[in-house]
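Trainee: Take this structure, written in structure tokens, and hold onto it; I'll ask about it next.
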Protein chains: 4
Amino acid sequence: MDFRTDLAIERREMLSEADKNGVKAQEFCDGEVKFTKIIITNSCGEKAIGKPIGTYITAEIPSLMIRAVDNEDIINAIAEQIKSLLPKSGIILVVGLGNDEITPDAVGPYSVSMILATRHIAKEELSGLGLGELRSVACMSPDVLGKTGIEAAESILGMVKSVNPSAVIVIDALAARKVSRLGNTVQMSDTGIVPGSGVGNSRSAINKELLGVPVISIGVPTVVDAVTLVNDFTHCEIKEKNNMIVTPREIDLVVQRSSEIIALSINRALQPHLSVEEILMLVGN
Amino acid sequence: MDFRTDLAIERREMLSEADKNGVKAQEFCDGEVKFTKIIITNSCGEKAIGKPIGTYITAEIPSLMIRAVDNEDIINAIAEQIKSLLPKSGIILVVGLGNDEITPDAVGPYSVSMILATRHIAKEELSGLGLGELRSVACMSPDVLGKTGIEAAESILGMVKSVNPSAVIVIDALAARKVSRLGNTVQMSDTGIVPGSGVGNSRSAINKELLGVPVISIGVPTVVDAVTLVNDFTHCEIKEKNNMIVTPREIDLVVQRSSEIIALSINRALQPHLSVEEILMLVGN
Amino acid sequence: MDFRTDLAIERREMLSEADKNGVKAQEFCDGEVKFTKIIITNSCGEKAIGKPIGTYITAEIPSLMIRAVDNEDIINAIAEQIKSLLPKSGIILVVGLGNDEITPDAVGPYSVSMILATRHIAKEELSGLGLGELRSVACMSPDVLGKTGIEAAESILGMVKSVNPSAVIVIDALAARKVSRLGNTVQMSDTGIVPGSGVGNSRSAINKELLGVPVISIGVPTVVDAVTLVNDFTHCEIKEKNNMIVTPREIDLVVQRSSEIIALSINRALQPHLSVEEILMLVGN
Amino acid sequence: MDFRTDLAIERREMLSEADKNGVKAQEFCDGEVKFTKIIITNSCGEKAIGKPIGTYITAEIPSLMIRAVDNEDIINAIAEQIKSLLPKSGIILVVGLGNDEITPDAVGPYSVSMILATRHIAKEELSGLGLGELRSVACMSPDVLGKTGIEAAESILGMVKSVNPSAVIVIDALAARKVSRLGNTVQMSDTGIVPGSGVGNSRSAINKELLGVPVISIGVPTVVDAVTLVNDFTHCEIKEKNNMIVTPREIDLVVQRSSEIIALSINRALQPHLSVEEILMLVGN
């Protein structure tokens, strides 16, 4: 039974109590945002959830269809959780996975276009701008295998060797099981990512084992597999609709807004001395 | 029971034999394209199908995901049917309905951007270009009510008064009932259109009654309502997923390619002296 | 000697004192914005400036390359002048001239995409949103003759008949004589506009004579004709570089930002009860 | 005296006969394309031209504003010269330099989006598609330092280590001295490139010394520096217009079309068994 969800929170909901051994969960709120932290502690949990040992934090917010600048509280709450997953110092490499020409797959590249890159700015220049010290950040969008002939994992590995970061953040669009999750869920984890894992065209894992540094993944579900939706209701497997997705009609706007919120939350986590307002000015949006 | 399809061919499939009084159907092929012509002849048929008296021609083609320039036969076959619905002379106004910022709703504006407008070109200029006589064509994309404050029907009516065409062609994205229809179906009719009729936010009809001239509508289904899909399998009504659609993952490409084929077919129907190649050169694509 | 500028302020600078009969000028500041109001009072002035009798207000601001939301003072100052040119009541039709596929010509369509259209919103709905009374606003982007086969003047005339506004605002990209004007100048006038007048492909005038209601034009210079620039330095006529423009390297960003400021200023002039923040939320940016 | 041109052909035109020692030139035609091959043979030539020792081939074609598919002869002629600069075997990495959000700087990324990547396609898959053997090609667009915090040279070096190509092709937008060069010139060389060298914001060189494999550069001039243009006519240095460019009004279309021609020429040079038609189908355009 393949439910094709990338969300740990949804996979846990499908487990019987007996199978929850090795899968701890904890809920808490920060303002309007409800967080669920799922910790997979052993190989039983790993097998039950179908995801590697580690921490998965799900943020449920009223709606991602907000202008980021109007919701500093939400951004600060998500930024706080991202910060908890990151090393305290060192360069951070932010990577946007996916294809910017296919709207439901464009969250990664869109987000990265709003990340404040600072690695190239000299200290003197920063103090000239009255900005004090900023954390060193670099970013990249490796695009997809079909267009480049290069696995995202290979591109990132090459860049990690050049940039030598203390951690990598990867951003990707996810698949959910429930339509009601679209447009209001953000998942963060410290276990890296298998790009496209939720939708069948699985690629090489991008994780600490490959890159040698911690890999934080951040994603938002933008689609439900049509197969999954129907399965939910009919409990029978449908094969032939394989490439169909369920998505909000305003998919373009959902992807745009979700990307803004992810990018701002990461920027806030990385540059705690800058306000949302200052970040927006510096990234030119 | 609302199946939310804009396709006459799908509505007819749902009828019992008894209800097919007033609904004639005829199938024929032209090369690789299979056509079904449905003629609603009286008010019984009108009620059974839920669409006005008139002719509905559905083209089923192997795939809309082709580059138009590689499929002159398909374009010529569709062009032939469009021609059969058009008056022989006079200016034609081509209208692209929908919102170019929402991908599944962008077929109209995208298509119109590839229509060869000729109304402003003087005869001398045409013969200077070695083009002989071209039919006079004007086009417009009125955008959507939420962005303009003006009903598409109002905009078109204003333009019809200025341009004085012998017929109007309206292009729109449609909703289908069956996922298998997405990306391979074109519907043409001589009854005009109610924009958004398949998806619940119904607007003023754009038809001969309003505009005073024949209104030919051309559309391709780009989405299935998520409600419809689930209904298909569960036979129960689901209300809360109202704004979700089912669509191919490559929706951006499907919309782009479908628009090219519609635009080229219309151009071929309107300018039979020009080859597909010449049309592409003149519209700059 | 053709200096190809659309700016009244630049044309006036070229006049000898003797020729300034019939051309009154007055300067004033509002915060950081310097305004020059030029009033052409008779046919002598009309001939000297090469523009029709009426009022031309030029705003010079430190830079248009700012995020609009960070400059409420500038927006309010420009909005105040726009308001002075508009009738106190009645529907306003806002029109974006130009071609959204040619960046230096896209200010009109980009601006209109950020205008808050309200004509279709019922009073009850507004009070439901807690918005009180809003002025009725409609908008359109007629696109260019080469793509539609229809003169912008014709499209607008058709729409004026449908919508029956008390005034029309037309927005267009302009040509300047001086490179130093690019990216920091806005011109407003009550005399309508001849689209493309600064750049040689002149179209029908869009003015009160044609439309029967006042026509307020608002524009920003995005280019200098290359011919003009060279003429400035060499005082000789060069013919062959006719289609070349001088523009900032970041033309895409200049056009985007200028459009935001124009749109926000118009929105503020039309809906004085809404703050910049509320407007941004309502237009979804 | 800085004329800010990236074109060897223009730099040579400025030399006196005495300075042409070490700078050989040879002209030839292939159909409608006129080629000039300039070979810098020693350090005198290097100093005179201001470019490193190596071969610079300039193609002058009637116009780049053509649809590529209509000009197979031009594409084949350029492809032939590219082939002469490439090693006969091994993987080729194609790199698009520049910023896809600034139109005059977008030739690199636009071109790369139309390069046929094949490195990831297994031999069996190719023969299944009836395609025989294809040369292994990978590609990337490293974006600009200001957005990523990473020098293009660093990104490419990282990727060269991962992909291990036998040569790198870099594509970039260039600056010309003469306006008449815009839209009809392609320059190819075997000496690599200094990104942004023509326009003042010089970056690390991308060449064989850095990457360890031959670097072929291919570029089209999309702009003339405004300073240069005026200098041409006035012979005096103007400093303050530093960031202004001269460019065709239809810059968006020039960049789009130039990119198509470069991409198709490279694809033809790399995959001589595929026709232009087959390439277009495979890259999905």
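Labels used: A, B, ... for chains in the order of the structure tokens, numbers from 1 for residues in each chain, and numbers from 1 for ligands as shown.
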When DSSP is applied to the backbone of this structure, which of region 11-51 of chain A are assigned helix (DSSP H, G or I)? Write them out as a ChimeraX atom specification.
Mentor: /A:11-13,17-20,43-49
Trainee: Could you tell me which residues of chain A sit within 7 Å of chain B when counting only C-alpha atoms, and give me the result as a PDB file with C-alpha atoms, in the first residue's frame?
Mentor:
```pdb
ATOM      1  CA  ILE A 102       6.939  23.006 -13.692  1.00  0.00           C
ATOM      2  CA  THR A 103       4.919  25.064 -11.233  1.00  0.00           C
ATOM      3  CA  ALA A 226      -4.305  11.525  -7.874  1.00  0.00           C
ATOM      4  CA  VAL A 230      -8.690   7.955  -5.088  1.00  0.00           C
ATOM      5  CA  PHE A 233     -11.739   6.716  -0.966  1.00  0.00           C
ATOM      6  CA  THR A 234     -11.828   3.438  -2.807  1.00  0.00           C
ATOM      7  CA  ASN A 243       1.126  11.156 -13.683  1.00  0.00           C
ATOM      8  CA  MET A 244      -1.887  13.100 -12.433  1.00  0.00           C
ATOM      9  CA  ILE A 245      -1.789  15.352  -9.413  1.00  0.00           C
ATOM     10  CA  VAL A 246      -4.373  17.042  -7.223  1.00  0.00           C
ATOM     11  CA  THR A 247      -3.523  20.618  -6.481  1.00  0.00           C
ATOM     12  CA  PRO A 248      -5.228  23.922  -5.675  1.00  0.00           C
ATOM     13  CA  ARG A 249      -6.498  25.790  -8.730  1.00  0.00           C
ATOM     14  CA  GLU A 250      -4.296  28.737  -7.703  1.00  0.00           C
ATOM     15  CA  ASP A 252       0.922  29.398  -9.137  1.00  0.00           C
TER      16      ASP A 252
END
```
Trainee: Show which residues sit within 8 Å of Asp143 (chain C), as a list in words. Count only C-alpha atoms, and ignore same-chain residues fewer than 5 positions away.
Mentor: Leu97, Gly98, Asn99, Asp100, Pro109, Thr148 and Ala152 of chain C
Trainee: Applying 6 Å and only C-alpha atoms, which residues near region 215-217 of chain B remain after dropping the ones on its own chain fewer than 4 positions away? List them as an NGL selection string.
Mentor: :B and (167-171 or 188-190 or 192 or 207-208)
Trainee: For the selection just defined, write its residues with all heavy atoms to a file, as a PDB file, in the first residue's frame.
Mentor:
```
ATOM      1  N   ALA B 167     -18.022  37.303 -37.110  1.00  0.00           N
ATOM      2  CA  ALA B 167     -18.151  36.260 -36.080  1.00  0.00           C
ATOM      3  C   ALA B 167     -17.071  36.460 -35.034  1.00  0.00           C
ATOM      4  O   ALA B 167     -16.064  37.136 -35.278  1.00  0.00           O
ATOM      5  CB  ALA B 167     -18.035  34.864 -36.678  1.00  0.00           C
ATOM      6  N   VAL B 168     -17.319  35.865 -33.858  1.00  0.00           N
ATOM      7  CA  VAL B 168     -16.349  35.904 -32.772  1.00  0.00           C
ATOM      8  C   VAL B 168     -15.937  34.462 -32.461  1.00  0.00           C
ATOM      9  O   VAL B 168     -16.782  33.563 -32.444  1.00  0.00           O
ATOM     10  CB  VAL B 168     -16.974  36.564 -31.515  1.00  0.00           C
ATOM     11  CG1 VAL B 168     -16.055  36.432 -30.307  1.00  0.00           C
ATOM     12  CG2 VAL B 168     -17.291  38.033 -31.801  1.00  0.00           C
ATOM     13  N   ILE B 169     -14.636  34.247 -32.270  1.00  0.00           N
ATOM     14  CA  ILE B 169     -14.139  32.958 -31.771  1.00  0.00           C
ATOM     15  C   ILE B 169     -13.678  33.177 -30.336  1.00  0.00           C
ATOM     16  O   ILE B 169     -12.864  34.067 -30.084  1.00  0.00           O
ATOM     17  CB  ILE B 169     -12.953  32.442 -32.613  1.00  0.00           C
ATOM     18  CG1 ILE B 169     -13.379  32.157 -34.059  1.00  0.00           C
ATOM     19  CG2 ILE B 169     -12.344  31.192 -31.983  1.00  0.00           C
ATOM     20  CD1 ILE B 169     -12.223  31.750 -34.980  1.00  0.00           C
ATOM     21  N   VAL B 170     -14.226  32.394 -29.391  1.00  0.00           N
ATOM     22  CA  VAL B 170     -13.738  32.490 -28.003  1.00  0.00           C
ATOM     23  C   VAL B 170     -13.002  31.209 -27.634  1.00  0.00           C
ATOM     24  O   VAL B 170     -13.462  30.112 -27.921  1.00  0.00           O
ATOM     25  CB  VAL B 170     -14.869  32.741 -26.975  1.00  0.00           C
ATOM     26  CG1 VAL B 170     -15.445  34.123 -27.148  1.00  0.00           C
ATOM     27  CG2 VAL B 170     -15.950  31.693 -27.061  1.00  0.00           C
ATOM     28  N   ILE B 171     -11.832  31.387 -27.008  1.00  0.00           N
ATOM     29  CA  ILE B 171     -11.000  30.244 -26.616  1.00  0.00           C
ATOM     30  C   ILE B 171     -10.962  30.192 -25.094  1.00  0.00           C
ATOM     31  O   ILE B 171     -10.769  31.220 -24.437  1.00  0.00           O
ATOM     32  CB  ILE B 171      -9.558  30.415 -27.143  1.00  0.00           C
ATOM     33  CG1 ILE B 171      -9.571  30.735 -28.637  1.00  0.00           C
ATOM     34  CG2 ILE B 171      -8.719  29.179 -26.840  1.00  0.00           C
ATOM     35  CD1 ILE B 171      -8.214  31.178 -29.177  1.00  0.00           C
ATOM     36  N   MET B 188     -15.054  22.089 -30.137  1.00  0.00           N
ATOM     37  CA  MET B 188     -15.467  23.286 -30.884  1.00  0.00           C
ATOM     38  C   MET B 188     -16.984  23.325 -30.915  1.00  0.00           C
ATOM     39  O   MET B 188     -17.606  22.270 -31.060  1.00  0.00           O
ATOM     40  CB  MET B 188     -14.954  23.197 -32.330  1.00  0.00           C
ATOM     41  CG  MET B 188     -13.439  23.187 -32.421  1.00  0.00           C
ATOM     42  SD  MET B 188     -12.846  22.281 -33.900  1.00  0.00           S
ATOM     43  CE  MET B 188     -12.746  20.593 -33.243  1.00  0.00           C
ATOM     44  N   SER B 189     -17.578  24.516 -30.798  1.00  0.00           N
ATOM     45  CA  SER B 189     -19.035  24.569 -30.937  1.00  0.00           C
ATOM     46  C   SER B 189     -19.458  25.903 -31.532  1.00  0.00           C
ATOM     47  O   SER B 189     -18.670  26.843 -31.591  1.00  0.00           O
ATOM     48  CB  SER B 189     -19.712  24.347 -29.586  1.00  0.00           C
ATOM     49  OG  SER B 189     -19.960  25.585 -28.961  1.00  0.00           O
ATOM     50  N   ASP B 190     -20.720  25.941 -31.979  1.00  0.00           N
ATOM     51  CA  ASP B 190     -21.233  27.193 -32.560  1.00  0.00           C
ATOM     52  C   ASP B 190     -22.227  27.866 -31.633  1.00  0.00           C
ATOM     53  O   ASP B 190     -23.029  28.689 -32.063  1.00  0.00           O
ATOM     54  CB  ASP B 190     -21.875  26.912 -33.931  1.00  0.00           C
ATOM     55  CG  ASP B 190     -23.047  25.943 -33.833  1.00  0.00           C
ATOM     56  OD1 ASP B 190     -23.366  25.501 -32.696  1.00  0.00           O
ATOM     57  OD2 ASP B 190     -23.641  25.618 -34.875  1.00  0.00           O
ATOM     58  N   GLY B 192     -21.370  29.490 -28.602  1.00  0.00           N
ATOM     59  CA  GLY B 192     -20.804  30.421 -27.625  1.00  0.00           C
ATOM     60  C   GLY B 192     -20.392  29.697 -26.363  1.00  0.00           C
ATOM     61  O   GLY B 192     -20.192  28.481 -26.366  1.00  0.00           O
ATOM     62  N   ASN B 207     -22.549  34.830 -26.307  1.00  0.00           N
ATOM     63  CA  ASN B 207     -23.164  34.094 -27.413  1.00  0.00           C
ATOM     64  C   ASN B 207     -23.809  35.062 -28.411  1.00  0.00           C
ATOM     65  O   ASN B 207     -23.725  36.290 -28.244  1.00  0.00           O
ATOM     66  CB  ASN B 207     -24.189  33.086 -26.875  1.00  0.00           C
ATOM     67  CG  ASN B 207     -25.218  33.769 -25.978  1.00  0.00           C
ATOM     68  OD1 ASN B 207     -25.456  34.984 -26.103  1.00  0.00           O
ATOM     69  ND2 ASN B 207     -25.800  33.008 -25.085  1.00  0.00           N
ATOM     70  N   LYS B 208     -24.419  34.490 -29.427  1.00  0.00           N
ATOM     71  CA  LYS B 208     -24.996  35.310 -30.499  1.00  0.00           C
ATOM     72  C   LYS B 208     -26.067  36.248 -29.957  1.00  0.00           C
ATOM     73  O   LYS B 208     -26.214  37.376 -30.437  1.00  0.00           O
ATOM     74  CB  LYS B 208     -25.581  34.400 -31.582  1.00  0.00           C
ATOM     75  CG  LYS B 208     -26.015  35.171 -32.807  1.00  0.00           C
ATOM     76  CD  LYS B 208     -26.443  34.281 -33.958  1.00  0.00           C
ATOM     77  CE  LYS B 208     -26.862  35.171 -35.127  1.00  0.00           C
ATOM     78  NZ  LYS B 208     -27.242  34.360 -36.304  1.00  0.00           N
TER      79      LYS B 208
END
```
Trainee: Can you work out the spacing between CA of Ala175 (chain D) and CA of Val94 (chain D) in Å, to one decimal?
Mentor: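 We find that CA of Ala175 (chain D) and CA of Val94 (chain D) lie 21.0 Å from each other.
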Trainee: Would you work out the distance separating CA of Arg12 (chain A) from CA of Lys51 (chain A), expressed in Å to one decimal?
Mentor: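 So the two atoms, CA of Arg12 (chain A) and CA of Lys51 (chain A), lie 10.6 Å apart.
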Trainee: Would you list, as an MDAnalysis selection string, the residues of region 82-226 of chain B that end up in strand (DSSP E) under DSSP run on this structure's backbone?
Mentor: chainID B and resid 92:96 137:140 167:176 185:189 215:225
Trainee: Produce a file of the selected residues containing N, CA and C atoms, as a CSV table (one decimal), in the first residue's frame.
Mentor:
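Below is the file that was written, selection-v8.csv:
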```
chain,number,residue,atom,x,y,z
B,92,ILE,N,-12.9,38.6,-38.4
B,92,ILE,CA,-13.1,37.6,-37.3
B,92,ILE,C,-12.4,38.2,-36.1
B,93,LEU,N,-13.1,38.3,-34.9
B,93,LEU,CA,-12.5,38.7,-33.7
B,93,LEU,C,-12.3,37.4,-32.8
B,94,VAL,N,-11.0,37.2,-32.5
B,94,VAL,CA,-10.6,36.0,-31.7
B,94,VAL,C,-10.3,36.5,-30.2
B,95,VAL,N,-11.0,35.8,-29.3
B,95,VAL,CA,-11.0,36.3,-27.9
B,95,VAL,C,-10.4,35.1,-27.0
B,96,GLY,N,-9.4,35.5,-26.2
B,96,GLY,CA,-8.8,34.5,-25.3
B,96,GLY,C,-9.4,34.7,-23.9
B,137,VAL,N,-8.4,39.9,-39.3
B,137,VAL,CA,-8.5,39.2,-38.0
B,137,VAL,C,-8.0,40.2,-36.9
B,138,ALA,N,-8.8,40.3,-35.9
B,138,ALA,CA,-8.4,41.1,-34.7
B,138,ALA,C,-8.5,40.2,-33.5
B,139,CYS,N,-7.7,40.5,-32.4
B,139,CYS,CA,-7.9,39.7,-31.3
B,139,CYS,C,-7.7,40.5,-30.0
B,140,MET,N,-8.1,39.8,-28.9
B,140,MET,CA,-8.1,40.5,-27.5
B,140,MET,C,-8.1,39.4,-26.5
B,167,ALA,N,-18.0,37.3,-37.1
B,167,ALA,CA,-18.2,36.3,-36.1
B,167,ALA,C,-17.1,36.5,-35.0
B,168,VAL,N,-17.3,35.9,-33.9
B,168,VAL,CA,-16.3,35.9,-32.8
B,168,VAL,C,-15.9,34.5,-32.5
B,169,ILE,N,-14.6,34.2,-32.3
B,169,ILE,CA,-14.1,33.0,-31.8
B,169,ILE,C,-13.7,33.2,-30.3
B,170,VAL,N,-14.2,32.4,-29.4
B,170,VAL,CA,-13.7,32.5,-28.0
B,170,VAL,C,-13.0,31.2,-27.6
B,171,ILE,N,-11.8,31.4,-27.0
B,171,ILE,CA,-11.0,30.2,-26.6
B,171,ILE,C,-11.0,30.2,-25.1
B,172,ASP,N,-11.1,29.0,-24.5
B,172,ASP,CA,-11.2,28.9,-23.1
B,172,ASP,C,-10.6,27.5,-22.6
B,173,ALA,N,-10.1,27.5,-21.4
B,173,ALA,CA,-9.8,26.2,-20.8
B,173,ALA,C,-11.1,25.6,-20.2
B,174,LEU,N,-11.2,24.3,-20.3
B,174,LEU,CA,-12.4,23.6,-19.9
B,174,LEU,C,-12.1,22.6,-18.8
B,175,ALA,N,-13.2,22.1,-18.1
B,175,ALA,CA,-13.1,21.1,-17.2
B,175,ALA,C,-13.6,19.8,-17.8
B,176,ALA,N,-13.0,18.7,-17.5
B,176,ALA,CA,-13.4,17.4,-18.0
B,176,ALA,C,-13.9,16.5,-16.8
B,185,THR,N,-7.9,16.3,-26.1
B,185,THR,CA,-9.2,16.6,-26.5
B,185,THR,C,-9.4,18.1,-26.9
B,186,VAL,N,-10.0,18.4,-28.0
B,186,VAL,CA,-10.4,19.8,-28.3
B,186,VAL,C,-11.9,19.8,-28.6
B,187,GLN,N,-12.6,20.7,-28.0
B,187,GLN,CA,-14.0,20.9,-28.3
B,187,GLN,C,-14.3,22.2,-29.0
B,188,MET,N,-15.1,22.1,-30.1
B,188,MET,CA,-15.5,23.3,-30.9
B,188,MET,C,-17.0,23.3,-30.9
B,189,SER,N,-17.6,24.5,-30.8
B,189,SER,CA,-19.0,24.6,-30.9
B,189,SER,C,-19.5,25.9,-31.5
B,215,VAL,N,-21.0,33.1,-32.4
B,215,VAL,CA,-19.9,32.9,-31.5
B,215,VAL,C,-19.5,31.4,-31.5
B,216,ILE,N,-18.2,31.2,-32.1
B,216,ILE,CA,-17.7,29.9,-32.1
B,216,ILE,C,-16.8,29.7,-30.9
B,217,SER,N,-17.0,28.7,-30.1
B,217,SER,CA,-16.1,28.5,-29.0
B,217,SER,C,-15.2,27.3,-29.2
B,218,ILE,N,-13.9,27.4,-28.7
B,218,ILE,CA,-12.9,26.4,-28.9
B,218,ILE,C,-12.3,26.2,-27.5
B,219,GLY,N,-12.2,25.0,-27.0
B,219,GLY,CA,-11.6,24.8,-25.7
B,219,GLY,C,-10.9,23.5,-25.6
B,220,VAL,N,-10.0,23.4,-24.6
B,220,VAL,CA,-9.3,22.1,-24.3
B,220,VAL,C,-9.5,21.9,-22.8
B,221,PRO,N,-9.8,20.7,-22.4
B,221,PRO,CA,-9.9,20.5,-20.9
B,221,PRO,C,-8.4,20.4,-20.4
B,222,THR,N,-8.2,21.2,-19.3
B,222,THR,CA,-6.9,21.1,-18.6
B,222,THR,C,-7.0,20.6,-17.2
B,223,VAL,N,-8.2,20.5,-16.7
B,223,VAL,CA,-8.3,20.0,-15.3
B,223,VAL,C,-9.6,19.1,-15.2
B,224,VAL,N,-9.6,18.3,-14.2
B,224,VAL,CA,-10.7,17.6,-13.7
B,224,VAL,C,-11.0,18.1,-12.3
B,225,ASP,N,-12.2,18.4,-12.0
B,225,ASP,CA,-12.4,18.8,-10.6
B,225,ASP,C,-12.2,17.6,-9.6
```
Trainee: Which residues are close to Ser111 (chain D), i.e. within 9 Å by only C-alpha atoms, leaving aside same-chain residues fewer than 6 positions away? Reply as a compact mmCIF listing (two decimals) with N, CA, C and O atoms, in the first residue's frame.
Mentor:
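Ended up saving to part.txt:
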```
# COMPACT_ATOMS: atom_id res chain seq x y z
N GLY D 96 26.10 28.10 -18.96
CA GLY D 96 25.47 29.37 -19.33
C GLY D 96 25.76 30.43 -18.27
O GLY D 96 25.19 30.37 -17.19
N ILE D 171 28.94 29.97 -22.38
CA ILE D 171 28.14 30.87 -23.21
C ILE D 171 27.88 32.15 -22.41
O ILE D 171 27.51 32.08 -21.24
N GLN D 256 16.24 36.16 -26.95
CA GLN D 256 15.58 34.87 -27.15
C GLN D 256 16.09 34.18 -28.42
O GLN D 256 16.50 33.03 -28.41
N SER D 258 18.81 34.89 -30.33
CA SER D 258 20.25 34.61 -30.31
C SER D 258 20.52 33.34 -29.52
O SER D 258 21.35 32.51 -29.91
N SER D 259 19.81 33.19 -28.41
CA SER D 259 20.01 32.01 -27.57
C SER D 259 19.62 30.73 -28.31
O SER D 259 20.29 29.71 -28.22
N GLU D 260 18.53 30.80 -29.05
CA GLU D 260 18.11 29.64 -29.83
C GLU D 260 19.18 29.23 -30.83
O GLU D 260 19.48 28.06 -30.99
N ILE D 261 19.74 30.23 -31.51
CA ILE D 261 20.72 29.91 -32.55
C ILE D 261 22.00 29.36 -31.93
O ILE D 261 22.57 28.38 -32.43
N ILE D 262 22.45 29.94 -30.84
CA ILE D 262 23.64 29.41 -30.17
C ILE D 262 23.38 27.99 -29.70
O ILE D 262 24.19 27.08 -29.92
N ALA D 263 22.24 27.76 -29.05
CA ALA D 263 21.95 26.43 -28.51
C ALA D 263 21.87 25.40 -29.63
O ALA D 263 22.44 24.31 -29.54
N LEU D 264 21.20 25.75 -30.71
CA LEU D 264 21.07 24.79 -31.81
C LEU D 264 22.42 24.52 -32.45
O LEU D 264 22.71 23.38 -32.84
```
